[in-house]
Structure formats: C-alpha cells, structure tokens
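Novice: The structure that follows is given in the form of structure tokens.
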Amino acid sequence: MILLRAETRENGLSSQRSNVAQNENTCWVADLGRIPYGPACELQRRLVEARKAQVIPDVLLLCEHPHVITLGRNGKYEHLRASQHVLKQMKVEYLPTDRGGDITYHGPGQIVGYPILDLCEHHRDVRWYAWQLEETMIRTTVDFGVAAKRLEDVRGVWIGTATGDEKVGALGVHLSRWVTSHGFAYNVSTDLRFFDLIVPCGIPDKRVTSLEKALSRAVGCDEVRPHLTAHFGALFDRAMIPISRHLLEETLLTRDVSAALISAPLSLGTSLGETKP
C-alpha cells in the first residue's frame with residue numbers, strides 16, 4: 001500500500017513560517033503539473049537558495065514538460081540528431097542546462113523529479129545520492145510487476161527485453177554546497193519516437209522504453225506518481241508532505257532568503273549525470 005502523509009489544509013504549514021530544522025525529517029512534495037522547462041529551472045534555483053539558507057525543508061518537485069531536448073554540461077552537441085529546422089517543425093524546444101549528463105528528451109507522459117535536498121542532512125556522497133534516485137525508480141517499476149535493474153558503467157534504470165536492455169529512467173543532477181537540483185526522469189507513457197531525435201544520454205547502442213510499453217497496457221502518470229513519492233520518502237527517510245505550487249511560491253516570497261545568504265560563501269557546483277559510477 002502506498003501511504004503519504006498529508007496536511008488537512010494548506011494553512012497547516014503556517015507553523016513552519018520560522019526557520020526550518022531539518023531534524024523534523026520532512027520533505028515537501030509539489031506536483032507542478034505540466035510546466036515549461038525554463039520556469040521549472042527558475043523555481044529550482046529559488047528553492048536551492050532557500051534550502052541553503054535553511055528556511056525551507058527538503059523539497060521534491062514532480063512535473064511533466066512540454067517537448068524539450070536538454071544538453072547537460074558534459075554533453076556533446078553532435079548527439080542531437082535533428083536539425084533546428086526539424087525541431088521547430090515538431091515544436092520541440094532545445095536548451096542547454098547546468099545538470100550533469102549528456103543529452104535527453106522530456107515530454108508528456110514522463111514524470112520528471114527535481115529533489116532539492118541538503119545532503120549534509122543525509123549523506124555527503126554524490127554516488128550514494130544517484131543510487132538512491134535509481135532505487136526510487138527501480139522499486140516503482142517493480143511495484144507494477146516489471147523487473148528493473150542497474151547496469152555497470154552507465155547510470156539509469158533499465159528493463160531487460162528480448163532485444164536487449166532498454167532504459168526506463170534517467171539521471172542528471174547538479175549540486176551546489178551539497179544542495180541538489182535537477183534529478184530524474186521516468187518514462188511512464190512517453191512517446192518514444194521523440195528519442196529518435198537524439199542519441200539518448202549519449203549511449204548509441206542502447207534503446208529507451210517506457211513502463212507502458214513494458215506492461216503492454218495504458219498507464220497514466222497519476223497512477224505512478226504516488227509510488228515514486230512513497231519510495232523516495234522511504235529511501236531518504238522523510239515524511240512526504242504535499243504542498244501546492246501556489247503555497248510553495250508564497251512561502252518563497254514570505255521567507256527572508258536573501259538576508260540569510262549575505263554571509264554565505266560562494267562555491268562551485270558539482271554535476272553528475274549518465275557517467276561511469
């Protein structure tokens with residue numbers, strides 16, 4: 001059974017208006033619905049600053065994106081197979097990004113998870129963090145009766161098929177002062193034809209799949225999202241508290257993040273993507 005801890009009303013969060021002590025072991029989870037990639041990145045940026053300032057707890061953003069191809073900091077532009085003209089015709093946006101990894105596609109039917117976690121309150125190990133995200137997707141896939149696994153030398157979550165291993169979940173993360181952003185993408189009912197526009201994650205000899213294809217039946221993101229949320233909470237030892245996008249935005253406006261950041265030292269970020277463990 002999938003269980004989520006929920007507040008009975010949004011103003012139940014009013015008691016958290018003061019600075020947050022993470023030993024409460026809570027994580028807000030916000031379903032953003034379908035949101036363009038750019039605004040989702042901007043929201044992450046604001047949440048990262050708030051998390052660094054310790055004025056919010058850990059946060060998990062879940063969303064879907066309109067058709068977009070993103071290239072990570074370690075990516076190669078030649079892994080984009082389609083011309084800009086073709087992308088425009090197909091209404092697919094192309095954007096560089098500061099996450100780790102190579103090139104990937106996001107679109108409807110794919111659940112994208114953006115955890116904003118302070119790993120100082122968990123485990124300061126990037127590979128451990130990537131393993132936890134993979135495990136979240138592996139356990140979710142198993143919930144639906146499909147075996148999923150990791151492969152040596154490449155990140156992500158894979159399903160074995162008669163024609164070889166196919167990727168159902170991808171990673172591409174960024175860390176700044178041990179606070180995470182970007183995250184994972186899990187194919188539920190994604191139109192896999194859009195992956196033909198790229199070399200997915202820069203791995204030319206592997207194909208991409210979806211949970212729907214593996215099950216040979218229709219599956220909706222609403223059916224899968226609670227499983228991802230519950231397993232994420234269990235693996236990171238956090239009680240998952242739903243919060244609306246409106247209240248999340250309001251919280252960022254009402255809490256004084258900038259004052260807390262004045263004395264914070266600057267540091268370079270770290271990224272991890274579809275790389276060797």
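Following the order of the structure tokens, chains are lettered A, B, ..., residues in each are numbered from 1, and ligands are numbered from 1.
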For the structure I just gave you, how does DSSP split segment 60-243 of chain A - specifically, which residues are helix (DSSP H, G or I)? Reply as a ChimeraX atom specification.
Specialist: /A:77-79,84-89,119-121,126-143,192-197,200-202,211-215,221-235
Novice: Taking 3 positions as the minimum chain separation for residues in the same chain, which residues sit within 10 Å of Arg81 of chain A when counting only C-alpha atoms? Answer as a list in words.
Specialist: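 Within the cut-off, the hits are Tyr77, Glu78, Gln84, Val86, Phe195, Asp196, Leu197, Ile198 and Val199 of chain A.
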Novice: Could you turn the residues from that selection into a file that holds N, CA and C atoms, as a PDB file, in the first residue's frame?
Specialist:
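Result file result-v1.pdb:
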```pdb
ATOM      1  N   TYR A  77      27.090  18.178 -28.495  1.00  0.00           N
ATOM      2  CA  TYR A  77      26.042  18.686 -29.379  1.00  0.00           C
ATOM      3  C   TYR A  77      25.775  17.728 -30.532  1.00  0.00           C
ATOM      4  N   GLU A  78      26.789  16.974 -30.957  1.00  0.00           N
ATOM      5  CA  GLU A  78      26.601  16.045 -32.079  1.00  0.00           C
ATOM      6  C   GLU A  78      25.646  14.908 -31.727  1.00  0.00           C
ATOM      7  N   GLN A  84      17.801  22.127 -36.308  1.00  0.00           N
ATOM      8  CA  GLN A  84      16.946  23.103 -35.632  1.00  0.00           C
ATOM      9  C   GLN A  84      15.645  23.308 -36.403  1.00  0.00           C
ATOM     10  N   VAL A  86      13.996  20.967 -38.084  1.00  0.00           N
ATOM     11  CA  VAL A  86      13.122  19.838 -37.755  1.00  0.00           C
ATOM     12  C   VAL A  86      12.529  20.020 -36.362  1.00  0.00           C
ATOM     13  N   PHE A 195      12.662  10.232 -28.889  1.00  0.00           N
ATOM     14  CA  PHE A 195      14.045   9.912 -28.561  1.00  0.00           C
ATOM     15  C   PHE A 195      14.880   9.646 -29.816  1.00  0.00           C
ATOM     16  N   ASP A 196      14.221   9.428 -30.944  1.00  0.00           N
ATOM     17  CA  ASP A 196      14.954   9.240 -32.193  1.00  0.00           C
ATOM     18  C   ASP A 196      15.632  10.530 -32.656  1.00  0.00           C
ATOM     19  N   LEU A 197      15.258  11.651 -32.059  1.00  0.00           N
ATOM     20  CA  LEU A 197      15.862  12.937 -32.413  1.00  0.00           C
ATOM     21  C   LEU A 197      17.250  13.110 -31.794  1.00  0.00           C
ATOM     22  N   ILE A 198      17.611  12.222 -30.873  1.00  0.00           N
ATOM     23  CA  ILE A 198      18.880  12.337 -30.153  1.00  0.00           C
ATOM     24  C   ILE A 198      19.542  10.970 -30.018  1.00  0.00           C
ATOM     25  N   VAL A 199      20.787  10.975 -29.535  1.00  0.00           N
ATOM     26  CA  VAL A 199      21.420   9.764 -29.025  1.00  0.00           C
ATOM     27  C   VAL A 199      21.164   9.787 -27.524  1.00  0.00           C
TER      28      VAL A 199
END
```
Novice: Looking at A:Ile116, A:Leu61, A:Ile138, A:Val146, which one is nearest to Leu215 of chain A, with distances taken over only C-alpha atoms?
Specialist: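 Under the stated criterion, the closest residue is A:Val146.
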Novice: Which residues of segment 77-98 of chain A come within 12 Å of segment 29-51 of chain A, and for each one, what is the closest pair of atoms and their distance in Å to one decimal, counting only C-alpha atoms, sorted by chain and residue number, as a Markdown table?
Specialist:
```
| residue | atom | partner | partner_atom | distance |
| --- | --- | --- | --- | --- |
| A:Val92 | CA | A:Pro36 | CA | 11.3 |
| A:Glu93 | CA | A:Tyr37 | CA | 9.1 |
| A:Tyr94 | CA | A:Tyr37 | CA | 9.9 |
| A:Leu95 | CA | A:Tyr37 | CA | 8.6 |
| A:Pro96 | CA | A:Gly38 | CA | 10.5 |
| A:Thr97 | CA | A:Cys41 | CA | 9.0 |
| A:Asp98 | CA | A:Cys41 | CA | 9.8 |
```
Novice: Using only C-alpha atoms, which of the listed residues (A:Thr26, A:Thr136, A:Gly156, A:Gly107) sits closest to His227 of chain A?
Specialist: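 Counting only C-alpha atoms, the residue closest to His227 of chain A is A:Thr136.
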Novice: Can you build me a table of segment 49-114 of chain A residues sitting at most 9 Å from segment 171-194 of chain A, with the closest atom pair per residue and its distance in Å to one decimal, using only C-alpha atoms, sorted by chain and residue number, as a Markdown table?
Specialist:
```
| residue | atom | partner | partner_atom | distance |
| --- | --- | --- | --- | --- |
| A:Glu49 | CA | A:Val179 | CA | 8.8 |
| A:Arg51 | CA | A:Val179 | CA | 7.2 |
| A:Lys52 | CA | A:Val179 | CA | 6.8 |
| A:His67 | CA | A:Phe194 | CA | 8.5 |
| A:Gly72 | CA | A:Gly172 | CA | 7.7 |
| A:Asp98 | CA | A:His174 | CA | 7.1 |
| A:Arg99 | CA | A:His174 | CA | 5.0 |
| A:Gly100 | CA | A:Gly172 | CA | 4.9 |
| A:Gly101 | CA | A:Gly172 | CA | 5.3 |
| A:Asp102 | CA | A:Gly172 | CA | 8.2 |
| A:Tyr105 | CA | A:Phe194 | CA | 7.3 |
| A:His106 | CA | A:Ala185 | CA | 7.7 |
| A:Gly107 | CA | A:Thr190 | CA | 6.8 |
| A:Pro108 | CA | A:Thr190 | CA | 6.1 |
| A:Gly109 | CA | A:Thr190 | CA | 4.3 |
| A:Gln110 | CA | A:Asn187 | CA | 4.5 |
| A:Ile111 | CA | A:Tyr186 | CA | 5.2 |
| A:Val112 | CA | A:Ala185 | CA | 4.4 |
| A:Gly113 | CA | A:Phe184 | CA | 5.2 |
| A:Tyr114 | CA | A:Gly183 | CA | 4.8 |
```
